[in-house]
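The block underneath contains the structure these notes are about, expressed in structure tokens.
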Amino acid sequence: MGDGARGRPNGAIFRAAPRAAIQTALYPAAALAAVLLLRPARYSAAFFAGLTLYELCKTPFRRTSMEARGFNRALLFIIVICALGTVPFATGLITNARLSDVPVVCASVLLAAACALGLFGNIEKNNE
């Protein structure tokens, strides 16, 4: 306000920055690696479908193991459904050109769910 008062930098910001950077960049970095490795023809819609799921899983609070149970089950369900969604296309059972984006979207959402489960799942050995 112009009164010349000086404050000190808040150390909590510097302690939280590495974790926040990982939380922000994990899925986009994993998606970029998958795109560079697998080279799908079209992937922008798939990336944003996965990013939507990943961003929805972020919370401003830490989940307890009791709260995380339902969250973990939902993410595991999403992973299984997306894995099953890619199998018919990967094996060649479905070759419909109109559905060519489905396996890429399923793989992207699966990747986002795996990243979210790893970062936000609060998986503990002693879930009581």
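Here, A, B, ... name the chains of the structure tokens in the order displayed, residue numbers run from 1 inside each chain, and ligands are numbered from 1 in the same displayed order.
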
Pro88 of chain A: which residues within 12 Å, counting only C-alpha atoms, same-chain residues fewer than 6 positions away excluded, as a PyMOL selection string?
chain A and resi 82+94-96+99-100+102-103+106

Using only C-alpha atoms, which residues sit within 12 Å of Ala31 of chain A once same-chain residues fewer than 5 positions away are excluded, as a list in words?
Ala25, Leu26, Leu36, Leu37, Leu38, Arg39, Pro40, Tyr43, Ser44, Ala46, Phe47, Phe48, Ala49, Gly50, Leu51, Tyr54, Val104, Val105, Ala107, Ser108, Val109, Leu110, Leu111, Ala112, Ala113, Ala114 and Cys115 of chain A

Okay, now the selection with N, CA, C and O atoms, as an mmCIF file, in the first residue's frame?
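Output saved as again-v7.cif:
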data_model
loop_
_atom_site.group_PDB
_atom_site.id
_atom_site.type_symbol
_atom_site.label_atom_id
_atom_site.label_comp_id
_atom_site.auth_asym_id
_atom_site.auth_seq_id
_atom_site.Cartn_x
_atom_site.Cartn_y
_atom_site.Cartn_z
ATOM 1 N N ALA A 25 1.481 -31.534 -13.706
ATOM 2 C CA ALA A 25 2.122 -31.969 -14.948
ATOM 3 C C ALA A 25 2.107 -33.473 -15.188
ATOM 4 O O ALA A 25 2.476 -33.906 -16.282
ATOM 5 N N LEU A 26 1.677 -34.284 -14.236
ATOM 6 C CA LEU A 26 1.797 -35.729 -14.406
ATOM 7 C C LEU A 26 0.979 -36.248 -15.595
ATOM 8 O O LEU A 26 1.525 -36.905 -16.480
ATOM 9 N N LEU A 36 3.631 -39.617 -28.273
ATOM 10 C CA LEU A 36 4.894 -39.769 -28.997
ATOM 11 C C LEU A 36 5.250 -41.232 -29.220
ATOM 12 O O LEU A 36 5.855 -41.583 -30.227
ATOM 13 N N LEU A 37 4.874 -42.088 -28.282
ATOM 14 C CA LEU A 37 5.184 -43.509 -28.402
ATOM 15 C C LEU A 37 4.232 -44.235 -29.357
ATOM 16 O O LEU A 37 4.658 -45.008 -30.215
ATOM 17 N N LEU A 38 2.936 -43.966 -29.231
ATOM 18 C CA LEU A 38 1.934 -44.712 -29.993
ATOM 19 C C LEU A 38 1.526 -44.045 -31.302
ATOM 20 O O LEU A 38 0.984 -44.702 -32.180
ATOM 21 N N ARG A 39 1.714 -42.757 -31.411
ATOM 22 C CA ARG A 39 1.415 -41.978 -32.614
ATOM 23 C C ARG A 39 0.003 -42.199 -33.156
ATOM 24 O O ARG A 39 -0.175 -42.648 -34.307
ATOM 25 N N PRO A 40 -1.036 -41.907 -32.358
ATOM 26 C CA PRO A 40 -2.402 -42.039 -32.888
ATOM 27 C C PRO A 40 -2.665 -40.945 -33.923
ATOM 28 O O PRO A 40 -2.044 -39.875 -33.905
ATOM 29 N N TYR A 43 -5.830 -37.263 -31.529
ATOM 30 C CA TYR A 43 -5.735 -37.471 -30.096
ATOM 31 C C TYR A 43 -6.178 -36.278 -29.248
ATOM 32 O O TYR A 43 -6.188 -36.357 -28.031
ATOM 33 N N SER A 44 -6.560 -35.178 -29.862
ATOM 34 C CA SER A 44 -6.888 -33.991 -29.055
ATOM 35 C C SER A 44 -8.133 -34.207 -28.202
ATOM 36 O O SER A 44 -8.150 -33.854 -27.025
ATOM 37 N N ALA A 46 -9.259 -37.040 -27.145
ATOM 38 C CA ALA A 46 -8.889 -38.032 -26.141
ATOM 39 C C ALA A 46 -8.100 -37.388 -25.008
ATOM 40 O O ALA A 46 -8.331 -37.683 -23.831
ATOM 41 N N PHE A 47 -7.173 -36.496 -25.352
ATOM 42 C CA PHE A 47 -6.393 -35.814 -24.319
ATOM 43 C C PHE A 47 -7.300 -35.035 -23.382
ATOM 44 O O PHE A 47 -7.161 -35.114 -22.161
ATOM 45 N N PHE A 48 -8.247 -34.299 -23.930
ATOM 46 C CA PHE A 48 -9.115 -33.479 -23.086
ATOM 47 C C PHE A 48 -10.126 -34.318 -22.302
ATOM 48 O O PHE A 48 -10.520 -33.928 -21.204
ATOM 49 N N ALA A 49 -10.515 -35.466 -22.820
ATOM 50 C CA ALA A 49 -11.373 -36.366 -22.038
ATOM 51 C C ALA A 49 -10.617 -36.856 -20.807
ATOM 52 O O ALA A 49 -11.149 -36.870 -19.693
ATOM 53 N N GLY A 50 -9.372 -37.244 -20.997
ATOM 54 C CA GLY A 50 -8.551 -37.674 -19.866
ATOM 55 C C GLY A 50 -8.248 -36.535 -18.909
ATOM 56 O O GLY A 50 -8.266 -36.705 -17.686
ATOM 57 N N LEU A 51 -7.969 -35.364 -19.453
ATOM 58 C CA LEU A 51 -7.676 -34.208 -18.607
ATOM 59 C C LEU A 51 -8.884 -33.827 -17.766
ATOM 60 O O LEU A 51 -8.743 -33.445 -16.597
ATOM 61 N N TYR A 54 -8.979 -36.257 -14.895
ATOM 62 C CA TYR A 54 -7.853 -35.987 -13.997
ATOM 63 C C TYR A 54 -8.104 -34.744 -13.156
ATOM 64 O O TYR A 54 -7.861 -34.741 -11.950
ATOM 65 N N VAL A 104 -8.588 -44.647 -28.567
ATOM 66 C CA VAL A 104 -7.676 -43.588 -28.125
ATOM 67 C C VAL A 104 -8.265 -42.863 -26.913
ATOM 68 O O VAL A 104 -7.558 -42.573 -25.947
ATOM 69 N N VAL A 105 -9.568 -42.600 -26.947
ATOM 70 C CA VAL A 105 -10.224 -41.958 -25.800
ATOM 71 C C VAL A 105 -10.191 -42.876 -24.587
ATOM 72 O O VAL A 105 -9.883 -42.436 -23.472
ATOM 73 N N ALA A 107 -8.016 -45.244 -23.923
ATOM 74 C CA ALA A 107 -6.645 -45.307 -23.430
ATOM 75 C C ALA A 107 -6.262 -44.034 -22.686
ATOM 76 O O ALA A 107 -5.584 -44.081 -21.655
ATOM 77 N N SER A 108 -6.712 -42.896 -23.176
ATOM 78 C CA SER A 108 -6.399 -41.631 -22.529
ATOM 79 C C SER A 108 -7.082 -41.513 -21.160
ATOM 80 O O SER A 108 -6.467 -41.083 -20.182
ATOM 81 N N VAL A 109 -8.335 -41.902 -21.086
ATOM 82 C CA VAL A 109 -9.058 -41.871 -19.814
ATOM 83 C C VAL A 109 -8.461 -42.888 -18.848
ATOM 84 O O VAL A 109 -8.334 -42.620 -17.646
ATOM 85 N N LEU A 110 -8.059 -44.051 -19.363
ATOM 86 C CA LEU A 110 -7.397 -45.044 -18.523
ATOM 87 C C LEU A 110 -6.102 -44.486 -17.943
ATOM 88 O O LEU A 110 -5.822 -44.647 -16.754
ATOM 89 N N LEU A 111 -5.322 -43.823 -18.767
ATOM 90 C CA LEU A 111 -4.072 -43.208 -18.305
ATOM 91 C C LEU A 111 -4.345 -42.136 -17.253
ATOM 92 O O LEU A 111 -3.657 -42.071 -16.227
ATOM 93 N N ALA A 112 -5.368 -41.320 -17.482
ATOM 94 C CA ALA A 112 -5.716 -40.276 -16.509
ATOM 95 C C ALA A 112 -6.188 -40.877 -15.198
ATOM 96 O O ALA A 112 -5.825 -40.398 -14.117
ATOM 97 N N ALA A 113 -6.973 -41.950 -15.271
ATOM 98 C CA ALA A 113 -7.453 -42.601 -14.052
ATOM 99 C C ALA A 113 -6.296 -43.236 -13.286
ATOM 100 O O ALA A 113 -6.263 -43.180 -12.051
ATOM 101 N N ALA A 114 -5.344 -43.813 -13.994
ATOM 102 C CA ALA A 114 -4.179 -44.391 -13.322
ATOM 103 C C ALA A 114 -3.337 -43.311 -12.652
ATOM 104 O O ALA A 114 -2.880 -43.492 -11.515
ATOM 105 N N CYS A 115 -3.144 -42.190 -13.326
ATOM 106 C CA CYS A 115 -2.407 -41.071 -12.723
ATOM 107 C C CYS A 115 -3.150 -40.530 -11.505
ATOM 108 O O CYS A 115 -2.529 -40.246 -10.472
#

Can you tell me, as number ranges by chain, which residues in chain A count as helix (DSSP H, G or I) by DSSP?
A: 11-38, 44-57, 65-90, 97-99, 102-120

I'd like the interatomic distance between atom CA of Met66 of chain A and atom CA of Leu117 of chain A, to a tenth of an Å.
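Separation between atom CA of Met66 of chain A and atom CA of Leu117 of chain A: 14.9 Å.
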
For segment 55-59 of chain A, list every protein, DNA or RNA residue within 8 Å, evaluated using only C-alpha atoms, and leave out those in the same chain fewer than 3 positions away; present the list as an MDAnalysis selection string.
chainID A and resid 51:52 62 116 120

Could those selected residues go to a file with all heavy atoms, as a PDB file, in the first residue's frame?
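In the end it all went to again_25.pdb:
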ATOM      1  N   LEU A  51      -7.969 -35.364 -19.453  1.00  0.00           N
ATOM      2  CA  LEU A  51      -7.676 -34.208 -18.607  1.00  0.00           C
ATOM      3  C   LEU A  51      -8.884 -33.827 -17.766  1.00  0.00           C
ATOM      4  O   LEU A  51      -8.743 -33.445 -16.597  1.00  0.00           O
ATOM      5  CB  LEU A  51      -7.229 -33.024 -19.471  1.00  0.00           C
ATOM      6  CG  LEU A  51      -6.749 -31.783 -18.723  1.00  0.00           C
ATOM      7  CD1 LEU A  51      -5.507 -32.109 -17.909  1.00  0.00           C
ATOM      8  CD2 LEU A  51      -6.476 -30.649 -19.690  1.00  0.00           C
ATOM      9  N   THR A  52     -10.078 -33.964 -18.321  1.00  0.00           N
ATOM     10  CA  THR A  52     -11.293 -33.668 -17.561  1.00  0.00           C
ATOM     11  C   THR A  52     -11.413 -34.590 -16.361  1.00  0.00           C
ATOM     12  O   THR A  52     -11.677 -34.139 -15.245  1.00  0.00           O
ATOM     13  CB  THR A  52     -12.529 -33.806 -18.468  1.00  0.00           C
ATOM     14  OG1 THR A  52     -12.406 -32.890 -19.559  1.00  0.00           O
ATOM     15  CG2 THR A  52     -13.806 -33.524 -17.706  1.00  0.00           C
ATOM     16  N   ARG A  62      -6.868 -33.350   1.692  1.00  0.00           N
ATOM     17  CA  ARG A  62      -6.327 -34.704   1.648  1.00  0.00           C
ATOM     18  C   ARG A  62      -7.402 -35.682   2.079  1.00  0.00           C
ATOM     19  O   ARG A  62      -8.004 -35.522   3.114  1.00  0.00           O
ATOM     20  CB  ARG A  62      -5.125 -34.790   2.576  1.00  0.00           C
ATOM     21  CG  ARG A  62      -4.518 -36.175   2.621  1.00  0.00           C
ATOM     22  CD  ARG A  62      -3.251 -36.161   3.382  1.00  0.00           C
ATOM     23  NE  ARG A  62      -2.207 -35.940   2.401  1.00  0.00           N
ATOM     24  CZ  ARG A  62      -0.966 -35.670   2.694  1.00  0.00           C
ATOM     25  NH1 ARG A  62      -0.602 -35.546   3.929  1.00  0.00           N
ATOM     26  NH2 ARG A  62      -0.075 -35.498   1.762  1.00  0.00           N
ATOM     27  N   ALA A 116      -4.456 -40.383 -11.611  1.00  0.00           N
ATOM     28  CA  ALA A 116      -5.248 -39.866 -10.487  1.00  0.00           C
ATOM     29  C   ALA A 116      -5.233 -40.835  -9.318  1.00  0.00           C
ATOM     30  O   ALA A 116      -5.135 -40.422  -8.159  1.00  0.00           O
ATOM     31  CB  ALA A 116      -6.687 -39.603 -10.931  1.00  0.00           C
ATOM     32  N   PHE A 120      -3.806 -39.251  -6.074  1.00  0.00           N
ATOM     33  CA  PHE A 120      -4.862 -38.798  -5.176  1.00  0.00           C
ATOM     34  C   PHE A 120      -5.601 -39.934  -4.477  1.00  0.00           C
ATOM     35  O   PHE A 120      -6.544 -39.692  -3.743  1.00  0.00           O
ATOM     36  CB  PHE A 120      -5.885 -37.952  -5.947  1.00  0.00           C
ATOM     37  CG  PHE A 120      -5.262 -36.891  -6.786  1.00  0.00           C
ATOM     38  CD1 PHE A 120      -5.412 -36.899  -8.161  1.00  0.00           C
ATOM     39  CD2 PHE A 120      -4.518 -35.880  -6.220  1.00  0.00           C
ATOM     40  CE1 PHE A 120      -4.840 -35.921  -8.949  1.00  0.00           C
ATOM     41  CE2 PHE A 120      -3.933 -34.900  -7.002  1.00  0.00           C
ATOM     42  CZ  PHE A 120      -4.094 -34.917  -8.364  1.00  0.00           C
TER      43      PHE A 120
END

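The two atoms in question, atom CA of Phe89 of chain A and atom CA of Asp101 of chain A, are spaced 10.1 Å apart.
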
Select, from A:Gly118, A:Pro28, A:Gly11, A:Gly92, the residue with the minimum atom-to-atom distance to Asn72 of chain A, counting only C-alpha atoms.
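For Asn72 of chain A, the nearest of the candidates is A:Gly118.
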